[in-house]
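Student: Encoded as structure tokens, here's the structure I'll be asking about.
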Amino acid sequence: MYWKYVVRRILYAALIMVVCVFIFSALFNTVADKVMRGQIDEQVKGEIVQIQKSNRGMHPEQLQAIRDQRTAQLYAQYHLNEPMMQRIMYRTLSSLVFNFGTSTQMKSLAGSNNVNTIIYERIPRTLLLFGVAAVLDIILGVWLGLVKARRAGKMMDRSTDLVTMVLFGLPLWWLGMMFIMLFAFAIPIFPSSAMHASPPPADALGNFLDLMHHLALPVITIVLFGFWGRAYITRNLVVSTLQEDFIMSARARGLSERRILFGHTLRSAAPPIVTMSLLALVVSIGGGLIFEGIFSWPGLGNLYWQAVQQNDVPVLMADLMVTTVLFIACLAFLDLIYGFLDPRVKVGGKA
């Protein structure tokens, strides 16, 4: 039954996520311990300074005893006095419940050093950028792919194939830099970076229009880079499906080419197209490190780069956790919708 397949896929996805988080925790364990011990030492030093100011007659031995006691207390609080495997398990469990603690260097726009606040502040911005770009990319790519499939082998089909091959040989970050030079400096149509003007407009409408103005150039760059390749793949999938026997049968029944294309061909070719689209979206969200840095877009990719530069391990762990959850959830979602998109697939059934 389909619901058993759904439960099984969700359990598999959860298991994979646990394994990935455990690996991340093990990889970052040494660095995280080192950073945490440094934080504790600085905190204890500050407390000792305050004690010395309020109790000037206290002996050095007493201060050292207080220092040792306080250090041991904080080590126990953060599980630093436990064996390595227990520390890794503790960090794994904390990450799975999204308890990342406080950052060591970075702060949110409101001044909070809570890692969850910092991450949740960046997620909508990354989803806005890559979500809008992905929707436009999919719409334009599928539309152009269908047009190419209907005119396979003609001039329009061959010329767009040439454009696809040229763009696929260019790095996205390089194309972004060229667009900044062209449309932000040579022809100043769009802003070169950031998400808002400084200072941003005070009214809601002006703020929204300013956001759209800053969003336009990175979205145009992503869409122009990606939709040609999506159109090329869609065209090949549709042309291949048009040769199937059930398409020949539909034509023999007198159905119009438009109905055959959208009602039969596109439905049958939908699973690989959806797979390609969703995977491209998730990879873009997690891998926008360089691209977001070029446009100074304050999203997850830019946050990851800043966290690496500042050696902020809690923020790194949280960023990896979020991108991992998105990727695994996308794969599970693809498996669940495959059976709805293609009637030839019997999901979870026996041969």
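Lettering and numbering for the structure tokens are positional, with chains as A, B, ... in the shown order, residues counted from 1 in each chain, and ligands counted from 1 in the shown order.
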Could you pull the residues within 10 Å of A:Met17, counting only C-alpha atoms, minus those fewer than 4 positions along the same chain, as a PyMOL selection string?
Tutor: chain A and resi 11-13+21-23+96+321+324-325+327-329
Student: Could you tell me which of A:Thr30, A:Thr71, A:Thr323, A:Asn99 comes closest to A:Leu300 if we count only C-alpha atoms?
Tutor: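 Nearest candidate to A:Leu300 out of A:Thr30, A:Thr71, A:Thr323, A:Asn99: A:Thr323.
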Student: Excluding A:Ala250 and its own-chain neighbours fewer than 3 positions away, which residues fall within 12 Å of it when counting only C-alpha atoms? Please give them as a PyMOL selection string.
Tutor: chain A and resi 242-247+253-261+263-265
Student: Please identify all polymer residues within 12 Å of A:Ala72, counting only C-alpha atoms, omitting same-chain residues fewer than 3 positions from it, and present them as a list in words.
Tutor: Arg37, Ile40, Asp41, Val44, Ala65, Ile66, Arg67, Asp68, Gln69, Tyr75, Ala76, Gln77, Tyr78, His79, Leu80, Asn81 and Glu82 of chain A
Student: Write to file, as a PDB file, in the first residue's frame, the residues of the selection just made, with N, CA and C atoms.
Tutor:
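Output (selection-v8.pdb):
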```pdb
ATOM      1  N   ARG A  37      36.486  25.644  24.809  1.00  0.00           N
ATOM      2  CA  ARG A  37      37.428  25.831  25.915  1.00  0.00           C
ATOM      3  C   ARG A  37      37.989  27.250  25.924  1.00  0.00           C
ATOM      4  N   ILE A  40      35.335  29.476  27.383  1.00  0.00           N
ATOM      5  CA  ILE A  40      35.227  29.301  28.833  1.00  0.00           C
ATOM      6  C   ILE A  40      36.378  29.988  29.548  1.00  0.00           C
ATOM      7  N   ASP A  41      37.594  29.864  29.022  1.00  0.00           N
ATOM      8  CA  ASP A  41      38.753  30.524  29.634  1.00  0.00           C
ATOM      9  C   ASP A  41      38.565  32.034  29.672  1.00  0.00           C
ATOM     10  N   VAL A  44      35.883  32.874  32.323  1.00  0.00           N
ATOM     11  CA  VAL A  44      36.388  32.737  33.697  1.00  0.00           C
ATOM     12  C   VAL A  44      37.350  33.873  34.035  1.00  0.00           C
ATOM     13  N   ALA A  65      41.697  28.875  43.206  1.00  0.00           N
ATOM     14  CA  ALA A  65      40.708  27.843  43.547  1.00  0.00           C
ATOM     15  C   ALA A  65      39.350  28.161  42.916  1.00  0.00           C
ATOM     16  N   ILE A  66      38.977  29.451  42.964  1.00  0.00           N
ATOM     17  CA  ILE A  66      37.710  29.862  42.344  1.00  0.00           C
ATOM     18  C   ILE A  66      37.763  29.646  40.835  1.00  0.00           C
ATOM     19  N   ARG A  67      38.924  29.989  40.245  1.00  0.00           N
ATOM     20  CA  ARG A  67      39.092  29.793  38.807  1.00  0.00           C
ATOM     21  C   ARG A  67      38.936  28.319  38.429  1.00  0.00           C
ATOM     22  N   ASP A  68      39.616  27.437  39.172  1.00  0.00           N
ATOM     23  CA  ASP A  68      39.541  26.003  38.866  1.00  0.00           C
ATOM     24  C   ASP A  68      38.136  25.465  39.042  1.00  0.00           C
ATOM     25  N   GLN A  69      37.481  25.906  40.124  1.00  0.00           N
ATOM     26  CA  GLN A  69      36.122  25.431  40.387  1.00  0.00           C
ATOM     27  C   GLN A  69      35.142  25.880  39.294  1.00  0.00           C
ATOM     28  N   TYR A  75      32.991  23.289  32.272  1.00  0.00           N
ATOM     29  CA  TYR A  75      33.339  22.116  31.482  1.00  0.00           C
ATOM     30  C   TYR A  75      32.262  21.034  31.621  1.00  0.00           C
ATOM     31  N   ALA A  76      31.791  20.835  32.848  1.00  0.00           N
ATOM     32  CA  ALA A  76      30.733  19.845  33.073  1.00  0.00           C
ATOM     33  C   ALA A  76      29.433  20.273  32.412  1.00  0.00           C
ATOM     34  N   GLN A  77      29.150  21.594  32.426  1.00  0.00           N
ATOM     35  CA  GLN A  77      27.911  22.103  31.836  1.00  0.00           C
ATOM     36  C   GLN A  77      27.875  21.858  30.335  1.00  0.00           C
ATOM     37  N   TYR A  78      29.030  21.996  29.678  1.00  0.00           N
ATOM     38  CA  TYR A  78      29.098  21.828  28.232  1.00  0.00           C
ATOM     39  C   TYR A  78      29.681  20.474  27.832  1.00  0.00           C
ATOM     40  N   HIS A  79      29.730  19.531  28.757  1.00  0.00           N
ATOM     41  CA  HIS A  79      30.120  18.144  28.491  1.00  0.00           C
ATOM     42  C   HIS A  79      31.562  18.010  27.992  1.00  0.00           C
ATOM     43  N   LEU A  80      32.427  18.950  28.332  1.00  0.00           N
ATOM     44  CA  LEU A  80      33.808  18.898  27.862  1.00  0.00           C
ATOM     45  C   LEU A  80      34.666  17.931  28.670  1.00  0.00           C
ATOM     46  N   ASN A  81      34.183  17.499  29.815  1.00  0.00           N
ATOM     47  CA  ASN A  81      34.948  16.561  30.644  1.00  0.00           C
ATOM     48  C   ASN A  81      34.524  15.109  30.387  1.00  0.00           C
ATOM     49  N   GLU A  82      33.718  14.868  29.371  1.00  0.00           N
ATOM     50  CA  GLU A  82      33.250  13.524  29.054  1.00  0.00           C
ATOM     51  C   GLU A  82      34.100  12.932  27.918  1.00  0.00           C
TER      52      GLU A  82
END
```
Student: List as a list in words the protein and nucleic acid residues near stretch 231-236 of chain A, meaning an atom at most 10 Å away when only C-alpha atoms are counted, but skip any in the same chain fewer than 6 places from it.
Tutor: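 In the requested format, the answer is Asp137, Ile138, Ile139, Leu140, Gly141, Val142, Trp143, Leu144, Gly145, Leu146, Val147, Lys148, Ala149, Arg150, Arg151, Ala152, Asp157, Thr160, Asp161, Thr164, Met165, Leu242, Leu266, Ala269, Ala270, Pro272, Ile273 and Met276 of chain A.
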Student: Write the residues you've just listed into a file as a CSV table (one decimal), in the first residue's frame, and include N, CA and C atoms for each of them.
Tutor:
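Produced file selection.csv, reproduced below:
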```
chain,number,residue,atom,x,y,z
A,137,ASP,N,13.1,29.9,-13.9
A,137,ASP,CA,13.9,29.0,-14.6
A,137,ASP,C,13.1,27.8,-15.1
A,138,ILE,N,12.3,27.2,-14.3
A,138,ILE,CA,11.5,26.1,-14.6
A,138,ILE,C,10.4,26.5,-15.7
A,139,ILE,N,9.7,27.6,-15.5
A,139,ILE,CA,8.7,28.0,-16.4
A,139,ILE,C,9.3,28.2,-17.8
A,140,LEU,N,10.4,29.1,-17.9
A,140,LEU,CA,11.0,29.4,-19.2
A,140,LEU,C,11.6,28.1,-19.8
A,141,GLY,N,12.3,27.3,-18.9
A,141,GLY,CA,13.0,26.2,-19.5
A,141,GLY,C,12.1,25.1,-20.1
A,142,VAL,N,11.0,24.8,-19.3
A,142,VAL,CA,10.0,23.9,-19.8
A,142,VAL,C,9.3,24.4,-21.1
A,143,TRP,N,8.9,25.7,-21.1
A,143,TRP,CA,8.3,26.3,-22.2
A,143,TRP,C,9.2,26.2,-23.5
A,144,LEU,N,10.4,26.7,-23.3
A,144,LEU,CA,11.4,26.6,-24.4
A,144,LEU,C,11.6,25.2,-24.9
A,145,GLY,N,11.7,24.3,-23.9
A,145,GLY,CA,12.0,22.9,-24.3
A,145,GLY,C,10.8,22.3,-25.1
A,146,LEU,N,9.6,22.6,-24.8
A,146,LEU,CA,8.4,22.2,-25.5
A,146,LEU,C,8.4,22.8,-26.9
A,147,VAL,N,8.8,24.1,-27.0
A,147,VAL,CA,8.9,24.7,-28.3
A,147,VAL,C,9.9,24.0,-29.2
A,148,LYS,N,11.1,23.8,-28.6
A,148,LYS,CA,12.2,23.1,-29.3
A,148,LYS,C,11.8,21.7,-29.8
A,149,ALA,N,11.0,21.0,-28.9
A,149,ALA,CA,10.6,19.6,-29.3
A,149,ALA,C,9.7,19.6,-30.5
A,150,ARG,N,8.8,20.6,-30.5
A,150,ARG,CA,7.8,20.7,-31.6
A,150,ARG,C,8.5,21.1,-32.9
A,151,ARG,N,9.7,21.8,-32.8
A,151,ARG,CA,10.4,22.2,-34.0
A,151,ARG,C,11.8,21.5,-34.0
A,152,ALA,N,11.8,20.3,-33.6
A,152,ALA,CA,13.1,19.6,-33.6
A,152,ALA,C,13.8,19.5,-34.9
A,157,ASP,N,15.7,25.4,-33.2
A,157,ASP,CA,16.2,24.3,-32.3
A,157,ASP,C,17.7,24.3,-32.3
A,160,THR,N,19.3,27.6,-30.5
A,160,THR,CA,19.3,27.6,-29.1
A,160,THR,C,20.2,26.5,-28.5
A,161,ASP,N,20.4,25.5,-29.2
A,161,ASP,CA,21.4,24.5,-28.7
A,161,ASP,C,22.8,25.1,-28.6
A,164,THR,N,23.0,27.2,-25.6
A,164,THR,CA,23.1,26.4,-24.4
A,164,THR,C,24.6,25.9,-24.2
A,165,MET,N,25.2,25.4,-25.2
A,165,MET,CA,26.6,24.9,-25.1
A,165,MET,C,27.5,26.0,-24.6
A,242,LEU,N,7.8,11.4,-27.5
A,242,LEU,CA,6.9,11.5,-28.6
A,242,LEU,C,7.0,10.3,-29.6
A,266,LEU,N,3.9,15.5,-21.9
A,266,LEU,CA,4.5,16.3,-20.8
A,266,LEU,C,4.3,15.5,-19.5
A,269,ALA,N,6.8,12.7,-19.3
A,269,ALA,CA,8.1,13.2,-19.1
A,269,ALA,C,8.3,14.0,-17.9
A,270,ALA,N,7.2,14.2,-17.1
A,270,ALA,CA,7.3,15.1,-15.9
A,270,ALA,C,8.2,14.6,-14.8
A,272,PRO,N,11.3,13.0,-14.6
A,272,PRO,CA,12.7,13.5,-14.7
A,272,PRO,C,12.8,15.0,-14.7
A,273,ILE,N,11.8,15.7,-15.3
A,273,ILE,CA,11.8,17.2,-15.3
A,273,ILE,C,11.7,17.7,-13.9
A,276,MET,N,15.0,17.0,-12.0
A,276,MET,CA,16.0,17.9,-12.3
A,276,MET,C,15.8,19.3,-11.7
```
Student: Of the candidates A:Tyr90, A:Leu136, A:Asp319, A:His59, which one gets nearest to A:Leu224 if we count only C-alpha atoms?
Tutor: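 Among the listed residues, A:Leu136 lies closest to A:Leu224.
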Student: Run DSSP on the backbone and give me the residues of stretch 82-229 of chain A it puts in helix (DSSP H, G or I), as a short mmCIF file (atom, residue, chain, number, x, y, z; two decimals) with N, CA and C atoms, in the first residue's frame.
Tutor:
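Okay, states.cif is ready:
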```
data_model
loop_
_atom_site.label_atom_id
_atom_site.label_comp_id
_atom_site.auth_asym_id
_atom_site.auth_seq_id
_atom_site.Cartn_x
_atom_site.Cartn_y
_atom_site.Cartn_z
N MET A 84 35.22 11.40 24.25
CA MET A 84 34.98 12.01 22.94
C MET A 84 33.68 11.53 22.30
N MET A 85 33.39 10.22 22.37
CA MET A 85 32.19 9.71 21.74
C MET A 85 30.93 10.28 22.38
N GLN A 86 30.96 10.47 23.68
CA GLN A 86 29.81 11.07 24.36
C GLN A 86 29.63 12.52 23.94
N ARG A 87 30.74 13.23 23.74
CA ARG A 87 30.64 14.62 23.29
C ARG A 87 30.06 14.68 21.87
N ILE A 88 30.48 13.75 21.02
CA ILE A 88 29.94 13.72 19.66
C ILE A 88 28.44 13.41 19.68
N MET A 89 28.03 12.44 20.51
CA MET A 89 26.62 12.10 20.60
C MET A 89 25.81 13.28 21.14
N TYR A 90 26.37 14.00 22.10
CA TYR A 90 25.67 15.16 22.66
C TYR A 90 25.45 16.22 21.59
N ARG A 91 26.49 16.48 20.78
CA ARG A 91 26.35 17.48 19.72
C ARG A 91 25.38 17.00 18.64
N THR A 92 25.39 15.70 18.36
CA THR A 92 24.47 15.16 17.37
C THR A 92 23.01 15.36 17.82
N LEU A 93 22.73 14.99 19.07
CA LEU A 93 21.37 15.14 19.59
C LEU A 93 20.96 16.60 19.64
N SER A 94 21.88 17.48 20.03
CA SER A 94 21.57 18.91 20.08
C SER A 94 21.24 19.44 18.69
N SER A 95 22.00 18.99 17.69
CA SER A 95 21.76 19.46 16.32
C SER A 95 20.43 18.94 15.78
N LEU A 96 20.09 17.70 16.13
CA LEU A 96 18.85 17.12 15.62
C LEU A 96 17.62 17.84 16.16
N VAL A 115 22.30 31.16 17.73
CA VAL A 115 22.53 30.62 16.39
C VAL A 115 21.23 30.43 15.63
N ASN A 116 20.19 29.95 16.29
CA ASN A 116 18.91 29.76 15.63
C ASN A 116 18.38 31.07 15.06
N THR A 117 18.53 32.15 15.83
CA THR A 117 18.08 33.46 15.35
C THR A 117 18.86 33.88 14.12
N ILE A 118 20.18 33.65 14.14
CA ILE A 118 21.02 34.01 13.00
C ILE A 118 20.64 33.21 11.76
N ILE A 119 20.41 31.91 11.92
CA ILE A 119 20.06 31.05 10.78
C ILE A 119 18.68 31.39 10.24
N TYR A 120 17.69 31.51 11.14
CA TYR A 120 16.32 31.78 10.68
C TYR A 120 16.21 33.14 10.01
N GLU A 121 17.13 34.03 10.34
CA GLU A 121 17.15 35.34 9.69
C GLU A 121 17.62 35.24 8.24
N ARG A 122 18.47 34.25 7.94
CA ARG A 122 19.03 34.12 6.60
C ARG A 122 18.22 33.22 5.68
N ILE A 123 17.50 32.24 6.23
CA ILE A 123 16.79 31.27 5.40
C ILE A 123 15.80 31.94 4.45
N PRO A 124 14.91 32.84 4.91
CA PRO A 124 13.95 33.44 3.96
C PRO A 124 14.63 34.20 2.83
N ARG A 125 15.80 34.78 3.08
CA ARG A 125 16.48 35.55 2.04
C ARG A 125 17.04 34.64 0.95
N THR A 126 17.61 33.51 1.36
CA THR A 126 18.10 32.55 0.37
C THR A 126 16.94 31.93 -0.40
N LEU A 127 15.86 31.57 0.31
CA LEU A 127 14.70 31.00 -0.37
C LEU A 127 14.06 32.00 -1.33
N LEU A 128 14.06 33.28 -0.96
CA LEU A 128 13.52 34.30 -1.85
C LEU A 128 14.34 34.37 -3.14
N LEU A 129 15.65 34.47 -3.01
CA LEU A 129 16.50 34.60 -4.19
C LEU A 129 16.41 33.38 -5.09
N PHE A 130 16.71 32.20 -4.54
CA PHE A 130 16.76 31.00 -5.36
C PHE A 130 15.37 30.45 -5.68
N GLY A 131 14.38 30.76 -4.82
CA GLY A 131 13.02 30.31 -5.10
C GLY A 131 12.43 31.04 -6.30
N VAL A 132 12.55 32.36 -6.32
CA VAL A 132 12.05 33.14 -7.46
C VAL A 132 12.80 32.74 -8.73
N ALA A 133 14.12 32.61 -8.62
CA ALA A 133 14.92 32.22 -9.79
C ALA A 133 14.52 30.84 -10.28
N ALA A 134 14.27 29.89 -9.37
CA ALA A 134 13.92 28.53 -9.77
C ALA A 134 12.57 28.49 -10.47
N VAL A 135 11.59 29.24 -9.96
CA VAL A 135 10.26 29.26 -10.60
C VAL A 135 10.35 29.80 -12.02
N LEU A 136 11.05 30.93 -12.19
CA LEU A 136 11.21 31.49 -13.54
C LEU A 136 12.02 30.55 -14.43
N ASP A 137 13.06 29.95 -13.85
CA ASP A 137 13.91 29.01 -14.59
C ASP A 137 13.09 27.83 -15.11
N ILE A 138 12.27 27.24 -14.25
CA ILE A 138 11.47 26.08 -14.64
C ILE A 138 10.43 26.45 -15.70
N ILE A 139 9.73 27.58 -15.48
CA ILE A 139 8.70 27.99 -16.44
C ILE A 139 9.30 28.24 -17.82
N LEU A 140 10.36 29.05 -17.87
CA LEU A 140 10.98 29.37 -19.16
C LEU A 140 11.65 28.15 -19.78
N GLY A 141 12.32 27.33 -18.94
CA GLY A 141 13.01 26.16 -19.46
C GLY A 141 12.06 25.13 -20.05
N VAL A 142 10.97 24.84 -19.34
CA VAL A 142 10.01 23.86 -19.85
C VAL A 142 9.31 24.40 -21.09
N TRP A 143 8.93 25.68 -21.06
CA TRP A 143 8.27 26.27 -22.24
C TRP A 143 9.19 26.22 -23.46
N LEU A 144 10.43 26.65 -23.32
CA LEU A 144 11.36 26.63 -24.45
C LEU A 144 11.65 25.20 -24.89
N GLY A 145 11.74 24.27 -23.94
CA GLY A 145 11.97 22.87 -24.29
C GLY A 145 10.84 22.30 -25.11
N LEU A 146 9.59 22.65 -24.77
CA LEU A 146 8.44 22.18 -25.54
C LEU A 146 8.44 22.78 -26.95
N VAL A 147 8.79 24.06 -27.03
CA VAL A 147 8.85 24.71 -28.35
C VAL A 147 9.93 24.05 -29.21
N LYS A 148 11.09 23.77 -28.61
CA LYS A 148 12.18 23.12 -29.34
C LYS A 148 11.77 21.72 -29.79
N ALA A 149 11.03 21.00 -28.92
CA ALA A 149 10.62 19.64 -29.27
C ALA A 149 9.66 19.63 -30.46
N ARG A 150 8.78 20.63 -30.50
CA ARG A 150 7.82 20.70 -31.61
C ARG A 150 8.51 21.10 -32.91
N MET A 155 15.86 25.50 -37.50
CA MET A 155 16.82 26.54 -37.19
C MET A 155 16.72 27.00 -35.74
N MET A 156 15.50 27.18 -35.27
CA MET A 156 15.31 27.63 -33.88
C MET A 156 15.89 26.64 -32.90
N ASP A 157 15.70 25.36 -33.16
CA ASP A 157 16.21 24.31 -32.29
C ASP A 157 17.74 24.29 -32.29
N ARG A 158 18.35 24.38 -33.45
CA ARG A 158 19.82 24.32 -33.54
C ARG A 158 20.47 25.57 -32.95
N SER A 159 19.88 26.73 -33.16
CA SER A 159 20.49 27.97 -32.66
C SER A 159 20.44 28.03 -31.13
N THR A 160 19.35 27.60 -30.53
CA THR A 160 19.29 27.60 -29.06
C THR A 160 20.21 26.54 -28.46
N ASP A 161 20.44 25.45 -29.18
CA ASP A 161 21.42 24.47 -28.71
C ASP A 161 22.81 25.09 -28.63
N LEU A 162 23.15 25.93 -29.58
CA LEU A 162 24.45 26.59 -29.57
C LEU A 162 24.58 27.52 -28.36
N VAL A 163 23.52 28.28 -28.08
CA VAL A 163 23.53 29.17 -26.90
C VAL A 163 23.70 28.35 -25.63
N THR A 164 23.04 27.21 -25.55
CA THR A 164 23.13 26.35 -24.37
C THR A 164 24.56 25.88 -24.15
N MET A 165 25.22 25.43 -25.18
CA MET A 165 26.58 24.94 -25.05
C MET A 165 27.55 26.05 -24.63
N VAL A 166 27.34 27.26 -25.14
CA VAL A 166 28.21 28.38 -24.76
C VAL A 166 28.03 28.72 -23.29
N LEU A 167 26.77 28.84 -22.83
CA LEU A 167 26.52 29.23 -21.44
C LEU A 167 26.94 28.14 -20.46
N PHE A 168 26.80 26.87 -20.85
CA PHE A 168 27.18 25.78 -19.95
C PHE A 168 28.68 25.75 -19.71
N LEU A 172 28.95 30.26 -13.17
CA LEU A 172 27.88 31.17 -12.77
C LEU A 172 28.45 32.42 -12.09
N TRP A 173 29.48 32.24 -11.25
CA TRP A 173 30.03 33.39 -10.54
C TRP A 173 30.68 34.38 -11.51
N TRP A 174 31.31 33.85 -12.58
CA TRP A 174 31.93 34.73 -13.58
C TRP A 174 30.87 35.51 -14.34
N LEU A 175 29.78 34.81 -14.69
CA LEU A 175 28.69 35.48 -15.38
C LEU A 175 28.09 36.57 -14.50
N GLY A 176 27.98 36.29 -13.19
CA GLY A 176 27.47 37.29 -12.26
C GLY A 176 28.35 38.53 -12.22
N MET A 177 29.67 38.33 -12.20
CA MET A 177 30.59 39.46 -12.19
C MET A 177 30.49 40.28 -13.47
N MET A 178 30.33 39.60 -14.62
CA MET A 178 30.19 40.31 -15.88
C MET A 178 28.89 41.13 -15.91
N PHE A 179 27.82 40.56 -15.37
CA PHE A 179 26.55 41.28 -15.34
C PHE A 179 26.62 42.48 -14.41
N ILE A 180 27.36 42.34 -13.31
CA ILE A 180 27.53 43.49 -12.39
C ILE A 180 28.28 44.61 -13.10
N MET A 181 29.37 44.25 -13.79
CA MET A 181 30.14 45.26 -14.51
C MET A 181 29.30 45.93 -15.59
N LEU A 182 28.43 45.15 -16.27
CA LEU A 182 27.66 45.69 -17.38
C LEU A 182 26.44 46.49 -16.92
N PHE A 183 25.63 45.88 -16.01
CA PHE A 183 24.34 46.48 -15.66
C PHE A 183 24.36 47.30 -14.37
N ALA A 184 25.47 47.28 -13.64
CA ALA A 184 25.55 48.09 -12.43
C ALA A 184 26.53 49.26 -12.56
N PHE A 185 27.51 49.13 -13.50
CA PHE A 185 28.51 50.17 -13.65
C PHE A 185 28.51 50.77 -15.05
N ALA A 186 28.66 49.93 -16.09
CA ALA A 186 28.68 50.46 -17.45
C ALA A 186 27.32 51.06 -17.82
N ALA A 204 6.29 50.87 3.34
CA ALA A 204 6.24 49.46 2.97
C ALA A 204 6.37 49.27 1.46
N LEU A 205 5.65 50.08 0.67
CA LEU A 205 5.70 49.94 -0.78
C LEU A 205 7.09 50.25 -1.32
N GLY A 206 7.69 51.32 -0.82
CA GLY A 206 9.04 51.68 -1.26
C GLY A 206 10.05 50.61 -0.88
N ASN A 207 9.87 50.02 0.32
CA ASN A 207 10.77 48.96 0.76
C ASN A 207 10.67 47.74 -0.14
N PHE A 208 9.42 47.39 -0.53
CA PHE A 208 9.21 46.24 -1.41
C PHE A 208 9.81 46.48 -2.79
N LEU A 209 9.58 47.66 -3.35
CA LEU A 209 10.13 47.97 -4.67
C LEU A 209 11.65 48.01 -4.64
N ASP A 210 12.21 48.49 -3.53
CA ASP A 210 13.66 48.51 -3.40
C ASP A 210 14.22 47.09 -3.33
N LEU A 211 13.50 46.20 -2.62
CA LEU A 211 13.92 44.80 -2.56
C LEU A 211 13.88 44.16 -3.94
N MET A 212 12.81 44.40 -4.70
CA MET A 212 12.70 43.84 -6.05
C MET A 212 13.80 44.38 -6.97
N HIS A 213 14.15 45.64 -6.78
CA HIS A 213 15.21 46.24 -7.59
C HIS A 213 16.55 45.56 -7.32
N HIS A 214 16.84 45.30 -6.04
CA HIS A 214 18.09 44.63 -5.69
C HIS A 214 18.06 43.15 -6.05
N LEU A 215 16.86 42.56 -6.06
CA LEU A 215 16.72 41.13 -6.36
C LEU A 215 16.86 40.85 -7.86
N ALA A 216 16.57 41.84 -8.68
CA ALA A 216 16.45 41.60 -10.12
C ALA A 216 17.72 41.07 -10.75
N LEU A 217 18.86 41.71 -10.52
CA LEU A 217 20.08 41.32 -11.21
C LEU A 217 20.55 39.90 -10.86
N PRO A 218 20.62 39.51 -9.57
CA PRO A 218 21.00 38.12 -9.30
C PRO A 218 20.01 37.10 -9.85
N VAL A 219 18.72 37.42 -9.83
CA VAL A 219 17.73 36.49 -10.38
C VAL A 219 17.89 36.36 -11.89
N ILE A 220 18.09 37.48 -12.57
CA ILE A 220 18.30 37.44 -14.02
C ILE A 220 19.54 36.61 -14.35
N THR A 221 20.58 36.76 -13.57
CA THR A 221 21.81 36.00 -13.81
C THR A 221 21.57 34.50 -13.68
N ILE A 222 20.90 34.09 -12.61
CA ILE A 222 20.64 32.66 -12.39
C ILE A 222 19.74 32.10 -13.49
N VAL A 223 18.68 32.83 -13.85
CA VAL A 223 17.72 32.34 -14.83
C VAL A 223 18.36 32.22 -16.21
N LEU A 224 19.09 33.26 -16.63
CA LEU A 224 19.73 33.22 -17.94
C LEU A 224 20.79 32.14 -18.02
N PHE A 225 21.41 31.84 -16.90
CA PHE A 225 22.41 30.78 -16.88
C PHE A 225 21.77 29.39 -16.93
N GLY A 226 20.62 29.23 -16.28
CA GLY A 226 20.08 27.88 -16.08
C GLY A 226 19.01 27.42 -17.04
N PHE A 227 18.15 28.34 -17.53
CA PHE A 227 16.96 27.84 -18.22
C PHE A 227 17.28 27.29 -19.61
N TRP A 228 18.40 27.69 -20.21
CA TRP A 228 18.78 27.12 -21.50
C TRP A 228 19.08 25.62 -21.37
N GLY A 229 19.82 25.27 -20.34
CA GLY A 229 20.12 23.85 -20.11
C GLY A 229 18.88 23.06 -19.78
#
```
Student: With only C-alpha atoms as the atoms that count, which of A:Met195, A:Leu237, A:Met248, A:Met106 lies nearest to A:Gly299?
Tutor: A:Met195
Student: Find the residues around A:Ile10 up to 12 Å (only C-alpha atoms counted), leave out those fewer than 3 positions away in its own chain, and share them as a CSV table (one decimal) with N, CA and C atoms, in the first residue's frame.
Tutor:
```csv
chain,number,residue,atom,x,y,z
A,3,TRP,N,0.6,4.1,1.6
A,3,TRP,CA,1.0,4.8,2.9
A,3,TRP,C,2.1,4.1,3.5
A,4,LYS,N,2.3,2.8,3.3
A,4,LYS,CA,3.4,2.1,3.9
A,4,LYS,C,4.7,2.5,3.2
A,5,TYR,N,4.6,2.8,1.9
A,5,TYR,CA,5.8,3.3,1.2
A,5,TYR,C,6.2,4.7,1.7
A,6,VAL,N,5.1,5.5,2.0
A,6,VAL,CA,5.4,6.9,2.5
A,6,VAL,C,6.1,6.8,3.9
A,7,VAL,N,5.6,5.9,4.7
A,7,VAL,CA,6.2,5.8,6.1
A,7,VAL,C,7.6,5.3,6.0
A,13,ALA,N,14.6,8.7,5.2
A,13,ALA,CA,15.1,10.0,5.2
A,13,ALA,C,15.6,10.5,6.6
A,14,ALA,N,14.9,10.1,7.6
A,14,ALA,CA,15.2,10.5,9.0
A,14,ALA,C,16.5,9.8,9.4
A,15,LEU,N,16.7,8.5,9.0
A,15,LEU,CA,17.9,7.8,9.3
A,15,LEU,C,19.1,8.4,8.6
A,16,ILE,N,19.0,8.7,7.4
A,16,ILE,CA,20.1,9.3,6.6
A,16,ILE,C,20.4,10.7,7.2
A,17,MET,N,19.5,11.4,7.7
A,17,MET,CA,19.7,12.7,8.3
A,17,MET,C,20.5,12.5,9.6
A,328,ILE,N,17.8,16.3,1.9
A,328,ILE,CA,17.2,15.0,2.2
A,328,ILE,C,15.6,15.1,2.0
A,329,ALA,N,15.0,16.2,2.5
A,329,ALA,CA,13.6,16.4,2.4
A,329,ALA,C,13.2,16.4,0.9
A,330,CYS,N,14.0,17.1,0.1
A,330,CYS,CA,13.7,17.1,-1.3
A,330,CYS,C,13.8,15.8,-2.0
A,331,LEU,N,14.8,15.0,-1.6
A,331,LEU,CA,14.9,13.6,-2.2
A,331,LEU,C,13.7,12.7,-1.8
A,332,ALA,N,13.3,12.9,-0.5
A,332,ALA,CA,12.1,12.1,0.0
A,332,ALA,C,10.8,12.5,-0.7
A,333,PHE,N,10.7,13.9,-0.9
A,333,PHE,CA,9.5,14.4,-1.6
A,333,PHE,C,9.5,13.9,-3.0
A,334,LEU,N,10.6,13.9,-3.7
A,334,LEU,CA,10.6,13.4,-5.1
A,334,LEU,C,10.1,12.0,-5.2
A,335,ASP,N,10.6,11.1,-4.3
A,335,ASP,CA,10.1,9.7,-4.3
A,335,ASP,C,8.6,9.6,-4.1
A,336,LEU,N,8.1,10.5,-3.2
A,336,LEU,CA,6.7,10.4,-2.9
A,336,LEU,C,5.8,10.8,-4.0
```
